[in-house]
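Participant: Please find start06.cif (mmCIF, C-alpha atoms and all ligand atoms) on the next line:
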```
data_input
loop_
_atom_site.group_PDB
_atom_site.id
_atom_site.type_symbol
_atom_site.label_atom_id
_atom_site.label_comp_id
_atom_site.auth_asym_id
_atom_site.auth_seq_id
_atom_site.Cartn_x
_atom_site.Cartn_y
_atom_site.Cartn_z
ATOM 1 C CA MET A 1 103.088 3.604 -85.673
ATOM 2 C CA THR A 2 101.740 0.644 -83.694
ATOM 3 C CA ALA A 3 101.015 -2.553 -85.595
ATOM 4 C CA LEU A 4 97.443 -3.533 -86.420
ATOM 5 C CA ILE A 5 96.478 -6.727 -84.599
ATOM 6 C CA LEU A 6 94.471 -9.437 -86.339
ATOM 7 C CA VAL A 7 92.532 -11.676 -83.966
ATOM 8 C CA THR A 8 91.271 -14.923 -85.464
ATOM 9 C CA GLY A 9 88.497 -16.297 -83.287
ATOM 10 C CA GLY A 10 87.832 -12.768 -82.039
ATOM 11 C CA THR A 11 84.115 -13.612 -81.848
ATOM 12 C CA GLY A 12 84.695 -16.724 -79.700
ATOM 13 C CA THR A 13 84.729 -17.277 -75.948
ATOM 14 C CA LEU A 14 88.371 -16.266 -75.548
ATOM 15 C CA GLY A 15 88.310 -13.688 -78.324
ATOM 16 C CA ARG A 16 85.430 -11.774 -76.716
ATOM 17 C CA HIS A 17 87.692 -11.171 -73.697
ATOM 18 C CA LEU A 18 90.811 -10.541 -75.753
ATOM 19 C CA VAL A 19 89.520 -7.947 -78.217
ATOM 20 C CA PRO A 20 88.375 -5.364 -75.600
ATOM 21 C CA ARG A 21 91.669 -5.796 -73.788
ATOM 22 C CA LEU A 22 93.647 -5.077 -76.968
ATOM 23 C CA LEU A 23 91.473 -2.020 -77.655
ATOM 24 C CA ALA A 24 92.023 -0.835 -74.087
ATOM 25 C CA ALA A 25 95.751 -1.143 -74.730
ATOM 26 C CA GLY A 26 95.247 1.369 -77.531
ATOM 27 C CA ARG A 27 95.730 -1.058 -80.398
ATOM 28 C CA GLY A 28 93.923 -1.238 -83.732
ATOM 29 C CA VAL A 29 92.079 -4.561 -83.968
ATOM 30 C CA ARG A 30 90.785 -6.553 -86.926
ATOM 31 C CA VAL A 31 88.765 -9.741 -86.404
ATOM 32 C CA LEU A 32 88.469 -12.615 -88.859
ATOM 33 C CA SER A 33 85.089 -14.337 -88.722
ATOM 34 C CA ARG A 34 83.181 -16.718 -90.984
ATOM 35 C CA HIS A 35 80.190 -14.410 -90.644
ATOM 36 C CA ALA A 36 79.780 -10.810 -91.776
ATOM 37 C CA HIS A 37 79.861 -8.193 -89.008
ATOM 38 C CA GLU A 38 79.544 -4.415 -89.151
ATOM 39 C CA ALA A 39 82.607 -2.558 -87.862
ATOM 40 C CA ALA A 40 81.812 -1.593 -84.278
ATOM 41 C CA ASP A 41 83.512 -0.212 -81.186
ATOM 42 C CA GLY A 42 86.725 0.397 -83.104
ATOM 43 C CA VAL A 43 86.948 -3.184 -84.420
ATOM 44 C CA GLU A 44 87.220 -3.926 -88.124
ATOM 45 C CA TYR A 45 85.877 -7.287 -89.354
ATOM 46 C CA VAL A 46 87.001 -9.386 -92.319
ATOM 47 C CA THR A 47 84.882 -12.303 -93.450
ATOM 48 C CA GLY A 48 86.785 -15.487 -94.178
ATOM 49 C CA ASP A 49 87.157 -19.144 -93.403
ATOM 50 C CA LEU A 50 90.475 -20.626 -92.314
ATOM 51 C CA LEU A 51 89.484 -24.191 -93.194
ATOM 52 C CA LYS A 52 88.084 -23.308 -96.606
ATOM 53 C CA ASP A 53 91.096 -21.009 -97.198
ATOM 54 C CA GLU A 54 88.820 -18.106 -98.083
ATOM 55 C CA GLY A 55 89.270 -14.420 -97.239
ATOM 56 C CA ILE A 56 92.464 -14.966 -95.273
ATOM 57 C CA GLN A 57 94.759 -12.756 -97.341
ATOM 58 C CA ALA A 58 92.541 -9.707 -96.822
ATOM 59 C CA ALA A 59 92.554 -10.439 -93.102
ATOM 60 C CA VAL A 60 96.335 -10.717 -92.708
ATOM 61 C CA ASP A 61 97.384 -7.905 -95.063
ATOM 62 C CA GLY A 62 98.695 -5.004 -92.976
ATOM 63 C CA ALA A 63 98.618 -6.913 -89.678
ATOM 64 C CA GLY A 64 101.864 -6.757 -87.710
ATOM 65 C CA ILE A 65 100.628 -9.158 -85.047
ATOM 66 C CA ILE A 66 98.225 -12.103 -85.382
ATOM 67 C CA VAL A 67 96.651 -13.600 -82.280
ATOM 68 C CA HIS A 68 95.323 -16.915 -83.523
ATOM 69 C CA CYS A 69 92.398 -18.015 -81.347
ATOM 70 C CA ALA A 70 90.131 -19.521 -84.019
ATOM 71 C CA GLY A 71 89.665 -23.195 -83.502
ATOM 72 C CA GLY A 72 87.325 -26.088 -83.295
ATOM 73 C CA ARG A 73 87.363 -29.687 -82.163
ATOM 74 C CA LYS A 74 89.367 -30.748 -85.214
ATOM 75 C CA ASP A 75 91.605 -29.639 -88.091
ATOM 76 C CA ASP A 76 93.301 -26.752 -86.281
ATOM 77 C CA ASP A 77 96.476 -27.756 -88.132
ATOM 78 C CA VAL A 78 94.797 -27.244 -91.527
ATOM 79 C CA ALA A 79 93.360 -23.870 -90.481
ATOM 80 C CA THR A 80 96.702 -22.770 -89.041
ATOM 81 C CA ARG A 81 98.618 -23.821 -92.161
ATOM 82 C CA ASN A 82 96.315 -21.732 -94.339
ATOM 83 C CA LEU A 83 96.726 -18.782 -91.962
ATOM 84 C CA VAL A 84 100.544 -18.827 -91.800
ATOM 85 C CA ARG A 85 100.831 -19.312 -95.557
ATOM 86 C CA ALA A 86 98.847 -16.126 -96.152
ATOM 87 C CA ALA A 87 100.702 -14.342 -93.329
ATOM 88 C CA SER A 88 104.083 -15.201 -94.877
ATOM 89 C CA ARG A 89 102.952 -13.674 -98.166
ATOM 90 C CA ALA A 90 101.872 -10.520 -96.315
ATOM 91 C CA GLY A 91 105.164 -9.987 -94.451
ATOM 92 C CA ALA A 92 106.518 -11.244 -91.150
ATOM 93 C CA PRO A 93 103.855 -10.718 -88.503
ATOM 94 C CA HIS A 94 104.323 -12.034 -84.980
ATOM 95 C CA VAL A 95 101.983 -15.037 -84.655
ATOM 96 C CA VAL A 96 100.676 -15.741 -81.160
ATOM 97 C CA TYR A 97 98.920 -19.087 -80.889
ATOM 98 C CA ILE A 98 96.768 -20.421 -78.053
ATOM 99 C CA SER A 99 97.195 -24.140 -77.510
ATOM 100 C CA VAL A 100 96.260 -26.552 -74.774
ATOM 101 C CA VAL A 101 98.214 -27.947 -71.832
ATOM 102 C CA GLY A 102 99.032 -31.555 -72.646
ATOM 103 C CA ALA A 103 99.192 -31.099 -76.423
ATOM 104 C CA ASP A 104 102.632 -32.749 -76.308
ATOM 105 C CA ARG A 105 101.788 -35.321 -73.622
ATOM 106 C CA VAL A 106 98.427 -36.803 -74.596
ATOM 107 C CA PRO A 107 99.228 -39.457 -77.231
ATOM 108 C CA VAL A 108 96.662 -39.774 -79.991
ATOM 109 C CA VAL A 109 97.403 -43.151 -81.563
ATOM 110 C CA SER A 110 94.371 -45.421 -81.512
ATOM 111 C CA ALA A 111 90.825 -44.971 -82.792
ATOM 112 C CA ALA A 112 89.648 -44.587 -79.182
ATOM 113 C CA ASP A 113 92.251 -41.856 -78.603
ATOM 114 C CA ARG A 114 91.170 -40.033 -81.745
ATOM 115 C CA ALA A 115 87.487 -40.274 -80.874
ATOM 116 C CA MET A 116 87.871 -38.863 -77.355
ATOM 117 C CA PHE A 117 91.111 -36.867 -77.332
ATOM 118 C CA GLY A 118 91.835 -36.127 -81.004
ATOM 119 C CA TYR A 119 91.726 -32.412 -80.134
ATOM 120 C CA PHE A 120 95.146 -32.690 -78.450
ATOM 121 C CA GLY A 121 96.689 -34.148 -81.608
ATOM 122 C CA PHE A 122 95.287 -31.344 -83.763
ATOM 123 C CA LYS A 123 96.602 -28.718 -81.323
ATOM 124 C CA LEU A 124 100.099 -30.238 -81.351
ATOM 125 C CA ALA A 125 100.101 -30.382 -85.152
ATOM 126 C CA ALA A 126 98.984 -26.737 -85.295
ATOM 127 C CA GLU A 127 101.748 -25.746 -82.855
ATOM 128 C CA ARG A 128 104.275 -27.357 -85.209
ATOM 129 C CA VAL A 129 102.860 -25.449 -88.166
ATOM 130 C CA VAL A 130 103.387 -22.180 -86.260
ATOM 131 C CA ALA A 131 106.872 -23.095 -85.022
ATOM 132 C CA GLU A 132 108.010 -24.162 -88.486
ATOM 133 C CA SER A 133 106.369 -21.251 -90.326
ATOM 134 C CA GLY A 134 109.501 -19.103 -90.485
ATOM 135 C CA LEU A 135 107.447 -16.310 -88.886
ATOM 136 C CA PRO A 136 108.230 -14.879 -85.444
ATOM 137 C CA TRP A 137 106.021 -16.796 -83.001
ATOM 138 C CA THR A 138 104.797 -17.289 -79.461
ATOM 139 C CA ILE A 139 102.725 -20.228 -78.206
ATOM 140 C CA LEU A 140 100.844 -20.341 -74.908
ATOM 141 C CA ARG A 141 99.316 -23.597 -73.699
ATOM 142 C CA ALA A 142 96.379 -23.108 -71.332
ATOM 143 C CA THR A 143 94.220 -25.561 -69.411
ATOM 144 C CA GLN A 144 90.469 -25.854 -69.883
ATOM 145 C CA PHE A 145 88.574 -22.562 -69.551
ATOM 146 C CA HIS A 146 85.879 -22.238 -66.864
ATOM 147 C CA ASP A 147 83.435 -21.302 -69.635
ATOM 148 C CA LEU A 148 83.994 -24.627 -71.384
ATOM 149 C CA SER A 149 83.635 -26.526 -68.101
ATOM 150 C CA LEU A 150 80.326 -24.732 -67.573
ATOM 151 C CA VAL A 151 79.032 -25.822 -70.984
ATOM 152 C CA VAL A 152 80.205 -29.416 -70.511
ATOM 153 C CA MET A 153 78.764 -29.678 -66.995
ATOM 154 C CA GLY A 154 75.478 -28.164 -68.185
ATOM 155 C CA GLN A 155 75.182 -30.839 -70.858
ATOM 156 C CA MET A 156 76.116 -33.642 -68.472
ATOM 157 C CA ALA A 157 73.615 -32.410 -65.869
ATOM 158 C CA LYS A 158 70.752 -32.993 -68.322
ATOM 159 C CA LEU A 159 71.151 -36.700 -67.683
ATOM 160 C CA PRO A 160 69.468 -38.227 -64.643
ATOM 161 C CA VAL A 161 72.473 -40.523 -64.120
ATOM 162 C CA ILE A 162 75.810 -39.058 -65.180
ATOM 163 C CA PRO A 163 78.717 -41.204 -66.385
ATOM 164 C CA VAL A 164 81.913 -39.509 -65.186
ATOM 165 C CA PRO A 165 85.357 -40.511 -66.512
ATOM 166 C CA ALA A 166 87.149 -42.110 -63.563
ATOM 167 C CA GLY A 167 90.479 -40.660 -62.478
ATOM 168 C CA VAL A 168 90.227 -37.653 -64.796
ATOM 169 C CA ARG A 169 91.204 -34.325 -63.265
ATOM 170 C CA PHE A 170 91.077 -30.774 -64.563
ATOM 171 C CA GLN A 171 92.696 -27.498 -63.576
ATOM 172 C CA PRO A 172 90.289 -25.009 -65.111
ATOM 173 C CA VAL A 173 91.401 -21.443 -65.694
ATOM 174 C CA ASP A 174 89.541 -18.196 -66.115
ATOM 175 C CA THR A 175 89.128 -17.172 -69.753
ATOM 176 C CA ASP A 176 89.704 -13.491 -69.034
ATOM 177 C CA GLU A 177 92.968 -14.231 -67.238
ATOM 178 C CA VAL A 178 94.144 -16.148 -70.324
ATOM 179 C CA ALA A 179 93.117 -13.186 -72.478
ATOM 180 C CA ALA A 180 95.176 -10.847 -70.281
ATOM 181 C CA ARG A 181 98.231 -13.080 -70.684
ATOM 182 C CA LEU A 182 97.732 -13.208 -74.455
ATOM 183 C CA VAL A 183 97.703 -9.394 -74.603
ATOM 184 C CA GLU A 184 100.996 -9.320 -72.710
ATOM 185 C CA LEU A 185 102.483 -11.881 -75.111
ATOM 186 C CA ALA A 186 101.107 -10.220 -78.245
ATOM 187 C CA LEU A 187 102.520 -6.834 -77.278
ATOM 188 C CA GLY A 188 105.873 -8.330 -76.279
ATOM 189 C CA ALA A 189 108.678 -9.781 -78.371
ATOM 190 C CA PRO A 190 108.183 -13.218 -79.979
ATOM 191 C CA ALA A 191 108.998 -15.692 -77.219
ATOM 192 C CA GLY A 192 108.557 -19.201 -78.656
ATOM 193 C CA LEU A 193 106.849 -21.717 -76.366
ATOM 194 C CA VAL A 194 106.185 -19.883 -73.092
ATOM 195 C CA PRO A 195 105.399 -21.485 -69.701
ATOM 196 C CA ASP A 196 101.946 -23.073 -69.428
ATOM 197 C CA MET A 197 99.006 -21.251 -67.899
ATOM 198 C CA ALA A 198 96.772 -23.243 -65.568
ATOM 199 C CA GLY A 199 94.056 -22.522 -63.045
ATOM 200 C CA PRO A 200 94.534 -22.319 -59.272
ATOM 201 C CA GLN A 201 93.181 -25.770 -58.345
ATOM 202 C CA VAL A 202 93.399 -29.334 -59.597
ATOM 203 C CA SER A 203 90.054 -31.119 -59.115
ATOM 204 C CA SER A 204 88.582 -34.399 -60.181
ATOM 205 C CA MET A 205 85.922 -34.157 -62.846
ATOM 206 C CA ALA A 206 83.477 -35.633 -60.341
ATOM 207 C CA ASP A 207 84.243 -32.855 -57.821
ATOM 208 C CA LEU A 208 83.863 -30.122 -60.458
ATOM 209 C CA LEU A 209 80.542 -31.641 -61.398
ATOM 210 C CA ARG A 210 79.373 -31.900 -57.767
ATOM 211 C CA THR A 211 80.224 -28.213 -57.241
ATOM 212 C CA TYR A 212 78.246 -27.350 -60.380
ATOM 213 C CA LEU A 213 75.255 -29.445 -59.315
ATOM 214 C CA ARG A 214 75.293 -27.855 -55.852
ATOM 215 C CA ALA A 215 75.372 -24.367 -57.389
ATOM 216 C CA ARG A 216 72.373 -25.277 -59.571
ATOM 217 C CA GLY A 217 70.513 -26.973 -56.724
ATOM 218 C CA LYS A 218 70.420 -30.250 -58.671
ATOM 219 C CA HIS A 219 70.853 -33.831 -57.455
ATOM 220 C CA ARG A 220 72.252 -36.472 -59.784
ATOM 221 C CA LEU A 221 73.781 -39.909 -59.438
ATOM 222 C CA LEU A 222 77.388 -39.955 -60.697
ATOM 223 C CA VAL A 223 78.639 -43.240 -62.122
ATOM 224 C CA PRO A 224 82.384 -43.636 -62.722
ATOM 225 C CA VAL A 225 83.322 -44.974 -66.153
ATOM 226 C CA TRP A 226 86.752 -46.176 -67.189
ATOM 227 C CA LEU A 227 87.864 -44.664 -70.494
ATOM 228 C CA PRO A 228 89.991 -46.922 -72.695
ATOM 229 C CA GLY A 229 93.093 -45.966 -74.663
ATOM 230 C CA HIS A 230 96.547 -44.414 -74.422
ATOM 231 C CA ALA A 231 95.281 -40.843 -74.302
ATOM 232 C CA ALA A 232 92.846 -41.550 -71.455
ATOM 233 C CA ARG A 233 95.646 -43.234 -69.490
ATOM 234 C CA ALA A 234 97.875 -40.179 -69.985
ATOM 235 C CA VAL A 235 95.068 -37.872 -68.872
ATOM 236 C CA ARG A 236 94.465 -39.997 -65.756
ATOM 237 C CA ALA A 237 98.198 -39.574 -65.069
ATOM 238 C CA GLY A 238 97.736 -35.794 -65.263
ATOM 239 C CA ALA A 239 99.042 -34.997 -68.764
ATOM 240 C CA ASN A 240 96.382 -32.263 -69.105
ATOM 241 C CA LEU A 241 97.460 -30.535 -65.864
ATOM 242 C CA ALA A 242 100.202 -28.080 -64.960
ATOM 243 C CA PRO A 243 100.278 -28.004 -61.141
ATOM 244 C CA GLY A 244 103.602 -26.178 -61.185
ATOM 245 C CA ARG A 245 101.995 -23.435 -63.273
ATOM 246 C CA ALA A 246 98.840 -22.786 -61.210
ATOM 247 C CA VAL A 247 99.078 -19.074 -62.032
ATOM 248 C CA GLY A 248 95.348 -18.425 -62.549
ATOM 249 C CA HIS A 249 93.529 -16.788 -59.633
ATOM 250 C CA ARG A 250 89.801 -17.243 -60.202
ATOM 251 C CA THR A 251 88.542 -20.567 -58.897
ATOM 252 C CA TRP A 252 85.738 -22.681 -60.352
ATOM 253 C CA GLU A 253 83.668 -21.873 -57.237
ATOM 254 C CA ASP A 254 84.179 -18.106 -57.707
ATOM 255 C CA PHE A 255 83.311 -18.396 -61.384
ATOM 256 C CA LEU A 256 80.139 -20.364 -60.651
ATOM 257 C CA ALA A 257 79.088 -17.929 -57.918
ATOM 258 C CA GLU A 258 79.042 -15.179 -60.552
ATOM 259 C CA ARG A 259 77.743 -17.117 -63.529
ATOM 260 C CA VAL A 260 75.166 -19.481 -62.098
ATOM 261 C CA PRO A 261 72.210 -17.854 -60.366
ATOM 262 C CA ALA A 262 71.553 -19.253 -56.902
ATOM 263 C CA PRO A 263 68.726 -21.837 -56.954
ATOM 264 C CA ALA A 264 65.357 -20.543 -55.779
HETATM 265 N N1 LIG A 301 87.993 -23.660 -74.449
HETATM 266 C C1 LIG A 301 89.028 -24.119 -73.747
HETATM 267 O O1 LIG A 301 88.894 -24.648 -72.633
HETATM 268 C C2 LIG A 301 90.427 -23.975 -74.326
HETATM 269 C C3 LIG A 301 91.548 -24.326 -73.555
HETATM 270 C C4 LIG A 301 92.828 -24.165 -74.116
HETATM 271 C C5 LIG A 301 92.955 -23.665 -75.405
HETATM 272 N N2 LIG A 301 91.834 -23.343 -76.112
HETATM 273 C C6 LIG A 301 91.976 -22.816 -77.468
HETATM 274 O O2 LIG A 301 91.595 -21.442 -77.445
HETATM 275 C C7 LIG A 301 91.060 -21.081 -78.710
HETATM 276 C C8 LIG A 301 89.727 -20.370 -78.512
HETATM 277 O O3 LIG A 301 88.825 -21.243 -77.873
HETATM 278 P P1 LIG A 301 87.333 -20.753 -77.559
HETATM 279 O O4 LIG A 301 86.865 -21.571 -76.418
HETATM 280 O O5 LIG A 301 87.285 -19.257 -77.484
HETATM 281 O O6 LIG A 301 86.600 -21.239 -78.901
HETATM 282 P P2 LIG A 301 85.099 -20.915 -79.379
HETATM 283 O O7 LIG A 301 84.350 -20.153 -78.350
HETATM 284 O O8 LIG A 301 84.541 -22.206 -79.884
HETATM 285 O O9 LIG A 301 85.314 -19.940 -80.625
HETATM 286 C C9 LIG A 301 85.844 -20.430 -81.817
HETATM 287 C C10 LIG A 301 86.215 -19.246 -82.687
HETATM 288 O O10 LIG A 301 86.881 -19.748 -83.845
HETATM 289 C C11 LIG A 301 86.312 -19.143 -84.986
HETATM 290 N N3 LIG A 301 86.366 -20.128 -86.062
HETATM 291 C C12 LIG A 301 86.009 -21.432 -85.986
HETATM 292 N N4 LIG A 301 86.212 -22.041 -87.171
HETATM 293 C C13 LIG A 301 86.706 -21.093 -88.004
HETATM 294 C C14 LIG A 301 87.110 -21.105 -89.361
HETATM 295 N N5 LIG A 301 87.037 -22.229 -90.108
HETATM 296 N N6 LIG A 301 87.558 -19.962 -89.911
HETATM 297 C C15 LIG A 301 87.639 -18.820 -89.170
HETATM 298 N N7 LIG A 301 87.276 -18.756 -87.874
HETATM 299 C C16 LIG A 301 86.807 -19.870 -87.310
HETATM 300 C C17 LIG A 301 84.891 -18.756 -84.610
HETATM 301 O O11 LIG A 301 84.547 -17.601 -85.336
HETATM 302 P P3 LIG A 301 83.168 -17.396 -86.181
HETATM 303 O O12 LIG A 301 82.156 -18.360 -85.618
HETATM 304 O O13 LIG A 301 82.841 -15.954 -85.962
HETATM 305 O O14 LIG A 301 83.572 -17.706 -87.586
HETATM 306 C C18 LIG A 301 85.031 -18.419 -83.127
HETATM 307 O O15 LIG A 301 85.373 -17.065 -82.965
HETATM 308 C C19 LIG A 301 90.987 -22.379 -79.527
HETATM 309 O O16 LIG A 301 92.135 -22.479 -80.350
HETATM 310 C C20 LIG A 301 91.044 -23.460 -78.478
HETATM 311 O O17 LIG A 301 91.571 -24.671 -78.967
HETATM 312 C C21 LIG A 301 90.587 -23.477 -75.612
#
```
Will you turn the file into structure tokens for me?
Facilitator:
Amino acid sequence: MTALILVTGGTGTLGRHLVPRLLAAGRGVRVLSRHAHEAADGVEYVTGDLLKDEGIQAAVDGAGIIVHCAGGRKDDDVATRNLVRAASRAGAPHVVYISVVGADRVPVVSAADRAMFGYFGFKLAAERVVAESGLPWTILRATQFHDLSLVVMGQMAKLPVIPVPAGVRFQPVDTDEVAARLVELALGAPAGLVPDMAGPQVSSMADLLRTYLRARGKHRLLVPVWLPGHAARAVRAGANLAPGRAVGHRTWEDFLAERVPAPA
């Protein structure tokens, strides 16, 4: 019998690509969500909240594999601790966790670091929770998803003059390609920390933004701003990039061509 797969964050940006791929692989899928959902398309839903530590036991019971994609801007370590505690009570499921490239290289020490890059610290702490859980585990660190870049650029483009962090580069990756890799990892043997997954191109934030603005037919003035702090310095030095692991295929331009309608 094949193990039931619990996907936390199965309703999120990544999860919406991952769940259909797991179903297509012939696996039974359960999704944990904070909101009630009717079972649909072969997916069972359990309502629960990882931060409030509610409903988790019902979600993990009977799951042989947990792909942990639920997350927010903060407290991923707390959510992950609650998840692995319940999972350990349920048995010894394989926990597959999605983290971020640079989790171990972006230092979060000062108030400025925490305000702007605290996310990296929470991801590293959550990775440690998984690795020290006693459960079989796999962790994949990915770079920023194109979908997130699209949201961020859309918000920035609302401003008539856009402050752009100077010297900051990204290597955005396609969400669906990350989902495909997670399926491979979830269906394979626990592998520990696996090689990073990054997109095909490293680009400055300003260039990503210019490409977005061009695709939307918008004109904006970009003003470089220098971000303070240890984390910002590390990011300017490329701590959030993995040029040696540019394994993603879909470029930002290709993504935009499909997702952003051509300007009239
Ligand atoms: N976005 C990126 O560029 C990027 C890059 C590298 C790694 N990652 C990591 O990939 C994962 C997925 O990211 P995403 O962009 O798909 O996120 P997202 O679109 O914001 O989705 C977040 C998901 O987490 C669930 N969730 C949030 N808080 C929860 C809680 N307290 N209890 C239970 N579920 C909760 C939400 O489910 P409900 O709303 O249904 O409860 C939702 O499905 C995250 O761990 C993120 O750190 C993201």
Participant: Given the choices A:Pro172, A:Pro20, A:Pro228, A:Gly91, which gets closest to ligand LIG 301 (chain A) if the distance is worked out from only C-alpha atoms and all ligand atoms?
Facilitator: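 Checking each candidate against ligand LIG 301 (chain A), we get A:Pro172 as the closest.
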Participant: Could you spell out the hits of the PyMOL selection byres (((not hetatm)) within 7 of (chain A and resi 301)) on the shown file, as a compact mmCIF listing (two decimals) with C-alpha atoms, in the coordinates of the input?
Facilitator:
```txt
# COMPACT_ATOMS: atom_id res chain seq x y z
CA THR A 8 91.27 -14.92 -85.46
CA GLY A 9 88.50 -16.30 -83.29
CA GLY A 10 87.83 -12.77 -82.04
CA THR A 11 84.12 -13.61 -81.85
CA GLY A 12 84.70 -16.72 -79.70
CA THR A 13 84.73 -17.28 -75.95
CA LEU A 14 88.37 -16.27 -75.55
CA GLY A 15 88.31 -13.69 -78.32
CA LEU A 32 88.47 -12.62 -88.86
CA SER A 33 85.09 -14.34 -88.72
CA ARG A 34 83.18 -16.72 -90.98
CA HIS A 35 80.19 -14.41 -90.64
CA GLY A 48 86.78 -15.49 -94.18
CA ASP A 49 87.16 -19.14 -93.40
CA LEU A 50 90.48 -20.63 -92.31
CA LEU A 51 89.48 -24.19 -93.19
CA LYS A 52 88.08 -23.31 -96.61
CA CYS A 69 92.40 -18.02 -81.35
CA ALA A 70 90.13 -19.52 -84.02
CA GLY A 71 89.66 -23.20 -83.50
CA GLY A 72 87.32 -26.09 -83.30
CA ALA A 79 93.36 -23.87 -90.48
CA ILE A 98 96.77 -20.42 -78.05
CA SER A 99 97.20 -24.14 -77.51
CA VAL A 100 96.26 -26.55 -74.77
CA VAL A 101 98.21 -27.95 -71.83
CA LYS A 123 96.60 -28.72 -81.32
CA ARG A 141 99.32 -23.60 -73.70
CA ALA A 142 96.38 -23.11 -71.33
CA THR A 143 94.22 -25.56 -69.41
CA GLN A 144 90.47 -25.85 -69.88
CA PHE A 145 88.57 -22.56 -69.55
CA HIS A 146 85.88 -22.24 -66.86
CA LEU A 148 83.99 -24.63 -71.38
```
Participant: Around the point (65.5, -28.2, -59.5) (coordinates from the file), which residues reach within 12 Å if we count all atoms listed in the file? Answer as number ranges by chain.
Facilitator: A: 157-158, 160, 213-220, 262-264
Participant: How would you write, as a compact mmCIF listing (two decimals) with C-alpha atoms, in the coordinates of the input, the residues chosen by the PyMOL selection byres (((chain A and resi 173) around 12) and not hetatm) on this structure?
Facilitator:
```txt
# COMPACT_ATOMS: atom_id res chain seq x y z
CA LEU A 14 88.37 -16.27 -75.55
CA VAL A 100 96.26 -26.55 -74.77
CA VAL A 101 98.21 -27.95 -71.83
CA ARG A 141 99.32 -23.60 -73.70
CA ALA A 142 96.38 -23.11 -71.33
CA THR A 143 94.22 -25.56 -69.41
CA GLN A 144 90.47 -25.85 -69.88
CA PHE A 145 88.57 -22.56 -69.55
CA HIS A 146 85.88 -22.24 -66.86
CA ASP A 147 83.44 -21.30 -69.64
CA LEU A 148 83.99 -24.63 -71.38
CA SER A 149 83.64 -26.53 -68.10
CA LEU A 150 80.33 -24.73 -67.57
CA PHE A 170 91.08 -30.77 -64.56
CA GLN A 171 92.70 -27.50 -63.58
CA PRO A 172 90.29 -25.01 -65.11
CA ASP A 174 89.54 -18.20 -66.11
CA THR A 175 89.13 -17.17 -69.75
CA ASP A 176 89.70 -13.49 -69.03
CA GLU A 177 92.97 -14.23 -67.24
CA VAL A 178 94.14 -16.15 -70.32
CA ALA A 179 93.12 -13.19 -72.48
CA ARG A 181 98.23 -13.08 -70.68
CA ASP A 196 101.95 -23.07 -69.43
CA MET A 197 99.01 -21.25 -67.90
CA ALA A 198 96.77 -23.24 -65.57
CA GLY A 199 94.06 -22.52 -63.04
CA PRO A 200 94.53 -22.32 -59.27
CA GLN A 201 93.18 -25.77 -58.34
CA VAL A 202 93.40 -29.33 -59.60
CA SER A 203 90.05 -31.12 -59.12
CA LEU A 241 97.46 -30.54 -65.86
CA ALA A 242 100.20 -28.08 -64.96
CA PRO A 243 100.28 -28.00 -61.14
CA ARG A 245 102.00 -23.44 -63.27
CA ALA A 246 98.84 -22.79 -61.21
CA VAL A 247 99.08 -19.07 -62.03
CA GLY A 248 95.35 -18.42 -62.55
CA HIS A 249 93.53 -16.79 -59.63
CA ARG A 250 89.80 -17.24 -60.20
CA THR A 251 88.54 -20.57 -58.90
CA TRP A 252 85.74 -22.68 -60.35
CA GLU A 253 83.67 -21.87 -57.24
CA ASP A 254 84.18 -18.11 -57.71
CA PHE A 255 83.31 -18.40 -61.38
```
Participant: Residues at most 12 Å from Gly64 of chain A, counting all atoms listed in the file, excluding those fewer than 5 positions away in the same chain, as a list in words?
Facilitator: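 Returned residues: Met1, Thr2, Ala3, Leu4, Ile5, Leu6, Val7, Arg27, Gly28, Val29, Arg30, Ala59, Ala87, Ser88, Ala90, Gly91, Ala92, Pro93, His94, Val95, Val96, Leu135, Pro136, Trp137, Ala186, Leu187, Ala189 and Pro190 of chain A.
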Participant: To one decimal place in Å, what is the distance between atom CA of Pro195 of chain A and atom CA of Asp75 of chain A?
Facilitator: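 Here the two named atoms are 24.4 Å from each other.
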Participant: Going by the chain IDs and residue numbers used in this file, which residues fall under the PyMOL selection byres (((chain A and resi 165) around 9) and not hetatm)? Write them as a list in words.
Facilitator: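 The output of the PyMOL selection byres (((chain A and resi 165) around 9) and not hetatm) on this file is Pro163, Val164, Ala166, Gly167, Val168, Met205, Ala206, Val223, Pro224, Val225, Trp226 and Leu227 of chain A.
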Participant: Between atom CA of Ile65 of chain A and atom CA of Leu22 of chain A, what is the distance in Å, rounded to a tenth?
Facilitator: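 Interatomic distance here is 11.4 Å.
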Participant: Between A:Val109, A:Thr138, A:Glu127, A:Tyr212, which residue has the minimum interatomic distance to Val194 of chain A, considering all atoms listed in the file?
Facilitator: A:Thr138
